[in-house]
file my_file21.txt (compact mmCIF, C-alpha atoms and all ligand atoms)
# COMPACT_ATOMS: atom_id res chain seq x y z
CA MET A 1 27.60 3.13 50.47
CA LYS A 2 31.20 2.53 49.42
CA THR A 3 31.87 -0.69 47.56
CA VAL A 4 35.12 -2.37 48.61
CA TYR A 5 36.92 -5.32 47.01
CA ILE A 6 38.59 -7.84 49.31
CA THR A 7 40.79 -10.73 48.22
CA ARG A 8 41.74 -14.00 49.86
CA ARG A 9 44.71 -16.03 48.57
CA GLU A 10 45.00 -19.79 48.96
CA THR A 11 47.47 -22.23 47.43
CA PHE A 12 47.46 -25.80 46.22
CA ASN A 13 49.66 -28.01 44.15
CA ALA A 14 48.49 -30.40 41.49
CA ALA A 15 49.53 -32.36 38.45
CA HIS A 16 48.03 -32.14 34.99
CA LYS A 17 48.75 -32.35 31.31
CA LEU A 18 47.34 -30.55 28.33
CA TYR A 19 46.86 -33.28 25.79
CA ARG A 20 44.18 -34.23 23.27
CA GLU A 21 43.83 -37.94 22.62
CA ASP A 22 42.39 -37.17 19.19
CA TRP A 23 45.61 -35.42 18.17
CA SER A 24 49.01 -36.92 17.38
CA ASP A 25 51.86 -36.56 19.88
CA GLU A 26 53.47 -34.15 17.43
CA LYS A 27 50.43 -31.90 17.26
CA ASN A 28 50.02 -31.97 21.05
CA LEU A 29 53.64 -30.96 21.45
CA GLU A 30 53.28 -28.24 18.83
CA VAL A 31 50.20 -26.70 20.50
CA PHE A 32 50.72 -27.42 24.19
CA GLY A 33 54.52 -27.55 24.34
CA LYS A 34 56.00 -29.08 27.49
CA CYS A 35 52.55 -29.13 29.10
CA SER A 36 51.66 -32.00 26.75
CA ASN A 37 54.16 -34.35 28.44
CA LYS A 38 52.31 -37.67 28.63
CA ASN A 39 53.63 -38.50 32.09
CA TRP A 40 52.29 -35.34 33.69
CA HIS A 41 53.87 -32.33 35.35
CA GLY A 42 52.90 -30.21 38.31
CA HIS A 43 52.42 -26.63 39.41
CA ASN A 44 52.20 -24.77 42.68
CA PHE A 45 48.98 -22.90 42.02
CA ALA A 46 47.78 -19.81 43.85
CA ILE A 47 44.18 -18.72 43.71
CA TYR A 48 43.04 -15.20 44.55
CA VAL A 49 39.31 -14.86 45.18
CA THR A 50 37.98 -11.30 45.19
CA VAL A 51 34.65 -10.44 46.78
CA LYS A 52 32.96 -7.07 46.57
CA GLY A 53 30.50 -5.41 48.85
CA VAL A 54 29.73 -2.57 51.20
CA PRO A 55 31.40 -3.02 54.60
CA ASN A 56 28.92 -4.15 57.24
CA PRO A 57 28.31 -1.23 59.62
CA GLU A 58 28.76 -3.44 62.70
CA THR A 59 31.79 -5.51 61.69
CA GLY A 60 33.42 -3.35 59.05
CA PHE A 61 33.67 -6.51 56.92
CA VAL A 62 32.66 -7.03 53.29
CA ILE A 63 32.75 -10.74 54.12
CA ASN A 64 34.26 -12.56 57.06
CA LEU A 65 37.63 -13.75 55.74
CA LYS A 66 37.36 -16.90 57.85
CA ASP A 67 34.12 -17.75 56.00
CA LEU A 68 35.74 -16.96 52.64
CA SER A 69 38.78 -19.07 53.48
CA ASP A 70 36.55 -21.97 54.56
CA ILE A 71 34.59 -21.80 51.28
CA ILE A 72 37.75 -21.80 49.16
CA ASN A 73 39.20 -24.65 51.19
CA ASP A 74 36.05 -26.77 50.97
CA GLU A 75 35.29 -26.14 47.31
CA VAL A 76 38.74 -25.71 45.75
CA ILE A 77 41.71 -26.67 47.90
CA GLU A 78 40.30 -29.89 49.32
CA PRO A 79 39.24 -31.31 45.91
CA LEU A 80 42.36 -30.11 44.00
CA ASP A 81 45.36 -30.15 46.35
CA HIS A 82 47.85 -32.96 45.62
CA LYS A 83 45.55 -34.28 42.90
CA ASN A 84 45.90 -35.09 39.24
CA LEU A 85 43.54 -32.54 37.69
CA ASN A 86 42.88 -34.72 34.63
CA LEU A 87 42.07 -37.90 36.54
CA ASP A 88 41.10 -37.24 40.15
CA VAL A 89 38.69 -34.32 40.09
CA LEU A 90 35.02 -34.98 39.37
CA PHE A 91 34.15 -31.41 38.42
CA LEU A 92 36.99 -31.32 35.87
CA LYS A 93 36.10 -34.63 34.21
CA GLY A 94 36.07 -34.33 30.44
CA ILE A 95 37.44 -30.78 30.55
CA MET A 96 40.88 -29.76 29.28
CA ALA A 97 42.72 -29.01 32.53
CA SER A 98 43.93 -25.56 31.49
CA THR A 99 44.20 -22.73 33.99
CA GLU A 100 41.42 -20.94 32.09
CA ASN A 101 39.00 -23.84 32.39
CA ILE A 102 39.83 -24.46 36.04
CA ALA A 103 39.11 -20.82 36.87
CA VAL A 104 35.67 -21.02 35.23
CA GLN A 105 34.77 -24.25 37.05
CA VAL A 106 35.94 -22.81 40.36
CA TRP A 107 33.75 -19.74 39.82
CA ASP A 108 30.67 -21.93 39.49
CA ARG A 109 31.52 -23.80 42.69
CA ILE A 110 32.15 -20.84 44.97
CA LYS A 111 29.72 -18.20 43.67
CA THR A 112 26.66 -19.40 45.60
CA PRO A 113 28.45 -20.24 48.89
CA ILE A 114 29.98 -16.74 48.85
CA GLU A 115 26.53 -15.22 48.34
CA LYS A 116 25.23 -17.24 51.29
CA ALA A 117 28.09 -15.78 53.35
CA GLY A 118 26.94 -12.29 52.38
CA GLY A 119 29.40 -11.44 49.60
CA VAL A 120 29.40 -11.04 45.84
CA LEU A 121 32.08 -12.88 43.90
CA SER A 122 33.86 -10.39 41.69
CA LYS A 123 37.01 -12.01 40.34
CA ILE A 124 39.09 -15.15 40.38
CA LYS A 125 42.79 -14.97 39.62
CA LEU A 126 44.45 -18.33 39.18
CA VAL A 127 48.24 -18.31 39.04
CA GLU A 128 49.88 -21.32 37.42
CA THR A 129 53.45 -20.08 37.27
CA GLU A 130 55.25 -16.88 38.14
CA ASN A 131 54.70 -15.72 34.58
CA ASN A 132 51.30 -17.20 33.71
CA PHE A 133 47.96 -16.49 35.32
CA VAL A 134 44.35 -16.07 34.29
CA GLU A 135 41.60 -13.80 35.57
CA TYR A 136 37.90 -14.52 35.34
CA TYR A 137 35.08 -12.11 36.16
CA GLY A 138 32.15 -14.44 35.59
CA GLY A 139 31.17 -13.09 32.20
CA GLU A 140 30.29 -14.91 29.02
NI NI A 201 50.97 -27.09 33.12
call {"tool": "encode", "arguments": {"input": "my_file21.txt", "output": "structure tokens"}}
result
Amino acid sequence: MKTVYITRRETFNAAHKLYREDWSDEKNLEVFGKCSNKNWHGHNFAIYVTVKGVPNPETGFVINLKDLSDIINDEVIEPLDHKNLNLDVLFLKGIMASTENIAVQVWDRIKTPIEKAGGVLSKIKLVETENNFVEYYGGE
């Protein structure tokens, strides 16, 4: 029983800003830098979803990558691609649209569908820029 980790990458682009209405413009700029720009900015995001499991003896698959791709597309790409993350996305309403927070919300959306497809969600890596990415393993 050898556990294997398999990862599917998908991409989307979206606009957001990191800005607290209860702070002054100066404080927003100080804390969030350019990301606080009131008139938004965008990123080409990449999401890496890692599933773990023992390869099925008949298929050799931990999870069918077509199923995994469909789940990510339905739950993440469709709702986020070409959207304003602060304004357009129901499951991000009222949440600071940071890469960290998006990764946590995405985990909650895809965990159960992945289980139904026979896999166990192990890690989400969300890449915001070449230099900045977050990883979430579902812990507290
Ligand atoms: Ni940004």
call {"tool": "residues_near_ligand", "arguments": {"input": "my_file21.txt", "ligand": "ligand NI 201 (chain A)", "cutoff": "9 Å", "atoms": "only C-alpha atoms and all ligand atoms", "output": "JSON, numbers by chain"}}
result
{"A": [15, 16, 17, 18, 32, 34, 35, 36, 40, 41, 42, 43, 97, 98, 99, 128, 129]}
call {"tool": "residues_around", "arguments": {"input": "my_file21.txt", "residues": "range 55-64 of chain A", "least_positions_apart": "6", "cutoff": "9 Å", "atoms": "all atoms listed in the file", "output": "list in words"}}
result
Met1, Lys2, Thr3, Val4, Tyr5, Ile6, Ile114, Ala117, Gly118, Gly119 and Val120 of chain A
call {"tool": "write_last_selection", "arguments": {"input": "my_file21.txt", "atoms": "C-alpha atoms", "output": "PDB file, in the frame of the given file"}}
result
ATOM      1  CA  MET A   1      27.600   3.130  50.470  1.00  0.00           C
ATOM      2  CA  LYS A   2      31.200   2.530  49.420  1.00  0.00           C
ATOM      3  CA  THR A   3      31.870  -0.690  47.560  1.00  0.00           C
ATOM      4  CA  VAL A   4      35.120  -2.370  48.610  1.00  0.00           C
ATOM      5  CA  TYR A   5      36.920  -5.320  47.010  1.00  0.00           C
ATOM      6  CA  ILE A   6      38.590  -7.840  49.310  1.00  0.00           C
ATOM      7  CA  ILE A 114      29.980 -16.740  48.850  1.00  0.00           C
ATOM      8  CA  ALA A 117      28.090 -15.780  53.350  1.00  0.00           C
ATOM      9  CA  GLY A 118      26.940 -12.290  52.380  1.00  0.00           C
ATOM     10  CA  GLY A 119      29.400 -11.440  49.600  1.00  0.00           C
ATOM     11  CA  VAL A 120      29.400 -11.040  45.840  1.00  0.00           C
TER      12      VAL A 120
END
call {"tool": "atom_distance", "arguments": {"input": "my_file21.txt", "atom1": "CA of Glu75 in chain A", "atom2": "CA of Thr11 in chain A"}}
result
12.8 Å
call {"tool": "atom_distance", "arguments": {"input": "my_file21.txt", "atom1": "CA of Thr112 in chain A", "atom2": "CA of Glu135 in chain A"}}
result
18.8 Å
call {"tool": "atom_distance", "arguments": {"input": "my_file21.txt", "atom1": "CA of Asn44 in chain A", "atom2": "CA of Asn13 in chain A"}}
result
4.4 Å
call {"tool": "closest_residue", "arguments": {"input": "my_file21.txt", "among": "A:Gly139, A:Tyr48, A:Lys111, A:Lys27", "to": "Ile124 in chain A", "atoms": "all atoms listed in the file"}}
result
A:Tyr48
call {"tool": "residues_near_point", "arguments": {"input": "my_file21.txt", "point": "(41.1, -22.6, 34.2)", "cutoff": "10 Å", "atoms": "all atoms listed in the file", "output": "ChimeraX atom specification"}}
result
/A:92,95-107,124-128,133-136
call {"tool": "residues_around", "arguments": {"input": "my_file21.txt", "residues": "Val76 in chain A", "least_positions_apart": "2", "cutoff": "9 Å", "atoms": "all atoms listed in the file", "output": "list in words"}}
result
Phe12, Ile71, Ile72, Asn73, Asp74, Glu78, Pro79, Leu80, Asp81, Val106, Arg109 and Ile110 of chain A
call {"tool": "write_last_selection", "arguments": {"input": "my_file21.txt", "atoms": "C-alpha atoms", "output": "compact mmCIF listing (two decimals), in the frame of the given file"}}
result
# COMPACT_ATOMS: atom_id res chain seq x y z
CA PHE A 12 47.46 -25.80 46.22
CA ILE A 71 34.59 -21.80 51.28
CA ILE A 72 37.75 -21.80 49.16
CA ASN A 73 39.20 -24.65 51.19
CA ASP A 74 36.05 -26.77 50.97
CA GLU A 78 40.30 -29.89 49.32
CA PRO A 79 39.24 -31.31 45.91
CA LEU A 80 42.36 -30.11 44.00
CA ASP A 81 45.36 -30.15 46.35
CA VAL A 106 35.94 -22.81 40.36
CA ARG A 109 31.52 -23.80 42.69
CA ILE A 110 32.15 -20.84 44.97
call {"tool": "axis_aligned_box", "arguments": {"input": "my_file21.txt", "around": "range 80-87 of chain A", "padding_each_side": "6 Å", "output": "AutoDock Vina command-line options"}}
result
--center_x 45.0 --center_y -34.0 --center_z 40.5 --size_x 17.8 --size_y 19.8 --size_z 23.7
call {"tool": "residues_near_point", "arguments": {"input": "my_file21.txt", "point": "(36.3, -10.8, 40.2)", "cutoff": "7 Å", "atoms": "only C-alpha atoms", "output": "list in words"}}
result
Thr50, Val51, Leu121, Ser122, Lys123, Ile124, Tyr136 and Tyr137 of chain A
call {"tool": "closest_residue", "arguments": {"input": "my_file21.txt", "among": "A:Gly94, A:Asn39, A:Ile47, A:Asn132", "to": "Ile77 in chain A", "atoms": "all atoms listed in the file"}}
result
A:Ile47
call {"tool": "closest_residue", "arguments": {"input": "my_file21.txt", "among": "A:Thr7, A:Asn86, A:Glu115, A:Leu65", "to": "Arg20 in chain A", "atoms": "all atoms listed in the file"}}
result
A:Asn86
call {"tool": "closest_residue", "arguments": {"input": "my_file21.txt", "among": "A:Leu68, A:Lys93, A:Lys38, A:Ala46", "to": "Glu21 in chain A", "atoms": "only C-alpha atoms"}}
result
A:Lys38
call {"tool": "decode", "arguments": {"input": "my_file21.txt", "residues": "range 48-61 of chain A", "atoms": "N, CA and C atoms", "output": "PDB file, in the first residue's frame"}}
result
ATOM      1  N   TYR A  48      -2.379  24.761  -7.673  1.00  0.00           N
ATOM      2  CA  TYR A  48      -1.911  23.374  -7.716  1.00  0.00           C
ATOM      3  C   TYR A  48      -2.660  22.607  -6.629  1.00  0.00           C
ATOM      4  N   VAL A  49      -3.429  21.635  -7.031  1.00  0.00           N
ATOM      5  CA  VAL A  49      -4.207  20.841  -6.074  1.00  0.00           C
ATOM      6  C   VAL A  49      -3.580  19.451  -5.989  1.00  0.00           C
ATOM      7  N   THR A  50      -3.146  19.087  -4.793  1.00  0.00           N
ATOM      8  CA  THR A  50      -2.479  17.799  -4.590  1.00  0.00           C
ATOM      9  C   THR A  50      -3.393  16.839  -3.842  1.00  0.00           C
ATOM     10  N   VAL A  51      -3.548  15.657  -4.407  1.00  0.00           N
ATOM     11  CA  VAL A  51      -4.398  14.609  -3.831  1.00  0.00           C
ATOM     12  C   VAL A  51      -3.510  13.420  -3.505  1.00  0.00           C
ATOM     13  N   LYS A  52      -3.774  12.792  -2.353  1.00  0.00           N
ATOM     14  CA  LYS A  52      -2.977  11.621  -2.004  1.00  0.00           C
ATOM     15  C   LYS A  52      -3.847  10.370  -1.965  1.00  0.00           C
ATOM     16  N   GLY A  53      -3.199   9.263  -2.183  1.00  0.00           N
ATOM     17  CA  GLY A  53      -3.924   7.998  -2.119  1.00  0.00           C
ATOM     18  C   GLY A  53      -3.056   6.854  -2.599  1.00  0.00           C
ATOM     19  N   VAL A  54      -3.616   5.671  -2.476  1.00  0.00           N
ATOM     20  CA  VAL A  54      -2.949   4.473  -2.979  1.00  0.00           C
ATOM     21  C   VAL A  54      -3.476   4.220  -4.391  1.00  0.00           C
ATOM     22  N   PRO A  55      -2.601   4.039  -5.364  1.00  0.00           N
ATOM     23  CA  PRO A  55      -3.073   3.815  -6.730  1.00  0.00           C
ATOM     24  C   PRO A  55      -4.046   2.635  -6.795  1.00  0.00           C
ATOM     25  N   ASN A  56      -5.149   2.860  -7.498  1.00  0.00           N
ATOM     26  CA  ASN A  56      -6.145   1.816  -7.703  1.00  0.00           C
ATOM     27  C   ASN A  56      -5.503   0.660  -8.473  1.00  0.00           C
ATOM     28  N   PRO A  57      -5.686  -0.581  -8.009  1.00  0.00           N
ATOM     29  CA  PRO A  57      -5.016  -1.704  -8.669  1.00  0.00           C
ATOM     30  C   PRO A  57      -5.446  -1.899 -10.126  1.00  0.00           C
ATOM     31  N   GLU A  58      -6.650  -1.496 -10.473  1.00  0.00           N
ATOM     32  CA  GLU A  58      -7.117  -1.679 -11.857  1.00  0.00           C
ATOM     33  C   GLU A  58      -6.663  -0.568 -12.788  1.00  0.00           C
ATOM     34  N   THR A  59      -6.732   0.684 -12.296  1.00  0.00           N
ATOM     35  CA  THR A  59      -6.419   1.827 -13.171  1.00  0.00           C
ATOM     36  C   THR A  59      -5.004   2.357 -12.979  1.00  0.00           C
ATOM     37  N   GLY A  60      -4.428   2.090 -11.819  1.00  0.00           N
ATOM     38  CA  GLY A  60      -3.140   2.697 -11.497  1.00  0.00           C
ATOM     39  C   GLY A  60      -3.265   4.137 -11.060  1.00  0.00           C
ATOM     40  N   PHE A  61      -4.502   4.642 -10.933  1.00  0.00           N
ATOM     41  CA  PHE A  61      -4.734   6.046 -10.602  1.00  0.00           C
ATOM     42  C   PHE A  61      -4.969   6.240  -9.109  1.00  0.00           C
TER      43      PHE A  61
END
